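All remarks here apply to the structure that follows.
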Amino acid sequence: MSVVWRASPSDRTVLALLLLAAAIAATRLPLQSLSWTHLGLLLGFALCVILTVRHERSAWVQFARPALTVGVIFTCYTTLGWLGVDAFSFRADAALSAADTWLFGFDPSLAMEPYITWGRVELFSFAYGAFIPYINLTIALNCLGRPPLERDQFLTGWVFLYSISYLGYIFVPAHGPIVFHADDYRVALEGGFFYDFVLRGVEASGGLQGVFPSLHVGGSLYLCLFELRHNRLRGLIYLPLVLAIYAATLVLRYHYVVDLIAGTALALVCLPLGRNAVNAWVQRRQAAGLPPLPGGEADALPALADVGAGNSESVLSAD
Amino acid sequence: MLARVILKVFFRRIEVEGRSSVPDSGPVLFVSNHTNAFVDPMLLVITLRRRVTLTAKNVLTSNPLLAVLMKGMGIISFHRRDDVGKGADVKQNTGSLAQCRAVLQQGGALCIFPEGVSHSDPALRPFRTGAARIALDYLHLDGNPGRLQIVPVGLLYTEKDQFRSAVWLRYGEPLDIGAWLAEHAEADAQSLTEELLRRVEAVTLNYETRRESAILSWGAEILATDGAAPAPLGWRTRPVSAWFQLLARLQAGYRTLIETQPEHVATLTKRVRQYRSELKRLGIAPDEVYLPMHHGKALFFLFRELELLVIGAPFAAFGFVNHAAPYYLIKGIAKKLSKDKDHWATNVVFPSFAIFPLFCLLQVAAAWLWLPAVWATLYTVALPYTGYIALLYGERLGATLRRLGAFWYFWRNRQRQEDLANEGRALIAAIRALSPTR
């Protein structure tokens with residue numbers, strides 16, 4: 001089994017994404033820091049993947065792989081929106097706004113104006129801002145506290161979701177209603193502590209680009225769906241927050257409704273996609289005589305064997 | 001729909017085996033063991049993809065609510081000889097039998113409990129011949145050769161008198177009654193009944209005594225731990241089917257070995273009982289004996305459970321406050337009505353059909369009467385949602401406290417943990433060593 005196939009589906013996806021980003025930066029942009037960022041990320045990540053594949057039987061690999069993947073994906077969040085906006089001259093805002101109008105017969109972002117109040121802006125800013133601790137905590141808990149196979153399925157689906165969304169950021173560059181409709185709004189968004197926090201957060205994480213699809217919606221829904229399946233109580237508890245994030249993206253004018261629909265669809269698709277990709281990878285590894293997962297884990301793969309009737313061995317036989 | 005919701009709330013887990021072998025159409029007769037009164041037929045109804053006509057004893061109609069329910073569900077009632085004097089008239093069974101055959105003639109499915117009564121015996125009771133007579137009459141009197149299939153059904157409950165217990169529902173291989181009769185030309189109702197009994201026995205667990213049931217259960221609990229640390233809370237639990245399969249294998253070996261090595265089995269039985277008594281006294285589950293005394297893992301456990309329980313507390317509290325009245329009312333009714341184990345679940349499930357919707361309706365109506373529309377809508381949505389959270393939260397809180405208690409006890413008594421773990425592993429090894437194949 002070659003190094004490429006021994007790398008997990010999530011690692012290969014991140015590598016492909018970084019390769020694409022580096023290629024776009026190299027061909028469409030003059031030499032600038034952004035070009036080097038993606039090239040540097042690509043080389044660094046490729047090196048780490050080779051290292052983890054070579055030492056895949058070491059215990060540290062089970063912690064290093066998720067940490068590395070999550071770190072790179074989050075770094076991309078702050079840079080890929082800019083890449084799309086810088087590399088392509090067209091903006092998709094008009095098309096996205098038109099799609100919303102086609103769906104509803106009116107522009108939802110403008111139609112919401114009469115309902116904007118200071119209190120609601122603060123409330124939804126809290127929900128929008130809570131996205132960051134929610135995803136970080138959920139990712140950490142699922143990477144550290146799930147059985148190995150489930151953890152890899154979780155991580156792979158999550159990487160698929162972010163990677164596909166980043167393609168949207170790159171090839172459907174847009175700034176969101178807050179910029180596109182700036183001249184049309186009659187009610188300005190005004191809030192207090194939480195709204196200020198959101199404004200500073202958006203600025204720190206790459207500014208107003210990266211709109212289609214909504215990763216706030218897709219990311220939080222993906223985590224919630226995964227937990228509803230594997231840790232139902234936590235999934236249920238955070239469900240209202242996820243729904244509030246849906247509303248917050250519209251109230252705060254960061255997304256069009258079609259972004260939310262696309263984010264929802266991606267979350268629904270990536271959940272089984274991640275599971276199936278990891279299962280297929282594990283089976284290929286086993287067929288090649290490798291342990292099911294790197295890091296010396298999951299030799300028995302309980303989560304796979306657990307399906308259907310019991311799998312326990314004969315304990316006491318009457319034969 | 002309501003039955004599905006109520007049973008899925010009542011049971012933590014419902015596992016079904018062999019549903020794909022049940023014919024989707026054509027006449028089918030289900031014959032099942034009967035250990036959980038009204039819950040048994042309800043489980044069949046909610047797990048099958050086709051409509052099933054149920055049968056019941058006529059004395060149940062003396063309860064007006066049950067009479068309405070039975071009529072609404074099209075249940076065919078039978079008059080038992082044992083109930084003569086309580087309003088039963090066995091002559092009317094001719095009509096009931098004809099009704100059953102009519103259901104089959106229309107290509108329907110019929111469910112019969114041939115034991116005739118729900119019970120808590122460790123094994124199946126003798127089968128009555130009613131099911132076999134219906135099948136034979138359907139073929140011989142009504143001239144419908146070869147189409148009828150009889151499906152044996154096994155209903156296995158982990159703790160049928162416990163809320164949030166689990167059930168394994170097994171559909172056995174259908175018996176093509178036409179083909180069977182072709183091979184058994186001289187068969188009568190009695191021989192067909194014996195065949196049905198054999199087939200239902202094959203999909204159920206039957207013990208010789210309650211003592212045998214208890215000791216095998218304790219042995220299986222110890223074996224199921226595998227001498228390893230318990231899975232973290234919230235992880236997928238062992239399938240119910242695996243538990244019963246373990247019990248079945250243990251029973252098969254036990255019955256053989258008690259003949260060949262009775263002294264050894266007796267000694268082991270005594271050790272298992274002592275070990276189990278000690279764990280029960282300490283309030284520790286068999287798998288918690290192997291809890292790792294690891295700082296990092298303990299801190300991660302604390303963090304994960306605290307995060308969940310703190311964030312979930314307001315939702316759970318709201319759910320508890322809004323559902324406490326119907327919950328405790330039903331609990332009180334069940335406690336008052338239940339004189340034996342096999343009616344407790346029925347006495348919870350059956351009142352739930354009326355009490356929970358009634359309370360919900362009243363609460364929602366009050367919300368819409370007194371609250372603005374937005375808040376009333378929110379309340380209407382929150383009612384079932386937080387109720388479910390309260391249920392899961394209560395379970396998780398209980399499991400967390402229990403595990404914390406076990407951890408704390410072993411933290412202060414390291415030697416005790418080591419002794420118990422050693423004895424647990426020794427028992428597992430001893431039980432396995434008894435197996436002739438290992």
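Letters for chains follow the order of the structure tokens (A, B, ...), residue numbers begin at 1 for each chain, and ligand numbers begin at 1 in the order shown.
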May I have the residues of chain B within 8 Å of chain A, counting only C-alpha atoms, written as a PyMOL selection string?
chain B and resi 17+234-236+238-243+245-246+249-250+252-257+304+308+311-312+315+389+392-393+431-432+434-437
Using only C-alpha atoms, determine which residues lie at most 12 Å from Ala430 of chain B, disregarding the query and same-chain residues fewer than 3 positions distant; provide the list as a list in words.
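Here the answer would be Val315 and Leu316 of chain A; Gly219, Ile222, Leu223, His264, Val265, Thr267, Leu268, Thr269, Arg271, Val272, Asn422, Glu423, Gly424, Arg425, Ala426, Leu427, Ala433, Leu434, Ser435 and Arg438 of chain B.
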Atom CA of Tyr166 of chain A to atom CA of Thr27 of chain A, straight-line distance in Å:
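Atom CA of Tyr166 of chain A lies 18.1 Å from atom CA of Thr27 of chain A.
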Neighbours of Thr264 of chain A within 7 Å (only C-alpha atoms; same-chain residues fewer than 4 positions away dropped), as a ChimeraX atom specification?
/A:217-218,221,260,268
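Among the residues of segment 82-152 of chain B, backbone DSSP assigns strand (DSSP E) to Ala109, Leu110, Cys111, Ile112, Gln149, Ile150, Val151 and Pro152 of chain B.
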Env of segment 154-170 of chain B: 6 Å cut, atoms = only C-alpha atoms, seq-sep filter 3 positions within chain, self excluded. Answer as a PyMOL selection string.
chain B and resi 10-17+32-33+203-204+341+344
Next, write the just-selected residues to a file, as a tab-separated table (two decimals), in the first residue's frame, keeping N, CA and C atoms as the atom set.
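So again37.tsv came out as:
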chain	number	residue	atom	x	y	z
B	10	PHE	N	-40.51	4.44	26.73
B	10	PHE	CA	-40.49	3.47	27.84
B	10	PHE	C	-39.25	2.59	27.77
B	11	PHE	N	-38.94	2.10	26.56
B	11	PHE	CA	-37.77	1.23	26.42
B	11	PHE	C	-36.57	2.03	25.95
B	12	ARG	N	-35.45	1.83	26.63
B	12	ARG	CA	-34.21	2.49	26.24
B	12	ARG	C	-33.79	1.98	24.86
B	13	ARG	N	-34.09	0.72	24.60
B	13	ARG	CA	-33.65	0.13	23.34
B	13	ARG	C	-34.64	-0.97	22.92
B	14	ILE	N	-35.03	-0.93	21.66
B	14	ILE	CA	-35.86	-2.00	21.10
B	14	ILE	C	-35.10	-2.57	19.92
B	15	GLU	N	-34.65	-3.81	20.02
B	15	GLU	CA	-33.92	-4.43	18.90
B	15	GLU	C	-34.80	-5.50	18.28
B	16	VAL	N	-34.78	-5.54	16.96
B	16	VAL	CA	-35.63	-6.49	16.24
B	16	VAL	C	-34.76	-7.39	15.38
B	17	GLU	N	-35.02	-8.69	15.44
B	17	GLU	CA	-34.28	-9.63	14.60
B	17	GLU	C	-35.26	-10.37	13.69
B	32	SER	N	-46.59	-16.03	19.77
B	32	SER	CA	-45.54	-15.43	20.59
B	32	SER	C	-45.62	-15.89	22.04
B	33	ASN	N	-44.47	-15.80	22.72
B	33	ASN	CA	-44.50	-15.96	24.17
B	33	ASN	C	-45.17	-14.73	24.77
B	203	VAL	N	-36.76	-19.37	19.90
B	203	VAL	CA	-36.49	-17.92	19.84
B	203	VAL	C	-36.65	-17.23	21.20
B	204	THR	N	-36.75	-18.03	22.25
B	204	THR	CA	-36.85	-17.46	23.61
B	204	THR	C	-35.83	-18.13	24.52
B	341	LYS	N	-45.10	-8.62	38.29
B	341	LYS	CA	-44.12	-8.00	37.40
B	341	LYS	C	-44.63	-7.84	35.98
B	344	TRP	N	-46.69	-4.52	35.18
B	344	TRP	CA	-46.21	-3.19	35.54
B	344	TRP	C	-46.04	-2.30	34.30
Quick one: everything within 12 Å of Tyr385 of chain B, counting only C-alpha atoms, minus sequence neighbours fewer than 2 positions away in the same chain. Send it as a count of residues only.
26
Name the residues in contact with Lys339 of chain B at a cut-off of 12 Å, using only C-alpha atoms, excluding same-chain residues fewer than 5 positions from it; report them as a PyMOL selection string.
chain B and resi 119-120+161+333-334+344-347
Quote the spacing between atom CA of Ile177 of chain B and atom CA of Ala98 of chain B in Å to one decimal place.
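Between these atoms lies a distance of 18.5 Å.
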Compile the contact shell of Glu208 of chain B as a tab-separated table (two decimals) with C-alpha atoms, in the first residue's frame: residues with an atom at most 9 Å away, counting only C-alpha atoms, same-chain residues fewer than 5 positions apart removed.
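That gives us part24.tsv:
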chain	number	residue	atom	x	y	z
B	122	PRO	CA	-38.92	-18.62	34.01
B	123	ALA	CA	-40.07	-20.75	31.05
B	213	SER	CA	-32.19	-17.66	35.68
Quick check for you: according to DSSP on this backbone, which residues of segment 87-189 of chain B are classed as helix (DSSP H, G or I)? Reply as a PyMOL selection string.
chain B and resi 90-105+130-140+177-183+189
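Candidate residues A:Val159, A:Val257, A:Leu123, A:Leu273 were compared for distance to Leu103 of chain A, and the nearest is A:Val257, using only C-alpha atoms.
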Here is a test: counting only C-alpha atoms, which residue of A:Ala262, A:Ala67, A:Ala244, A:Leu155 is nearest to Gly168 of chain A?
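Counting only C-alpha atoms, the residue closest to Gly168 of chain A is A:Ala262.
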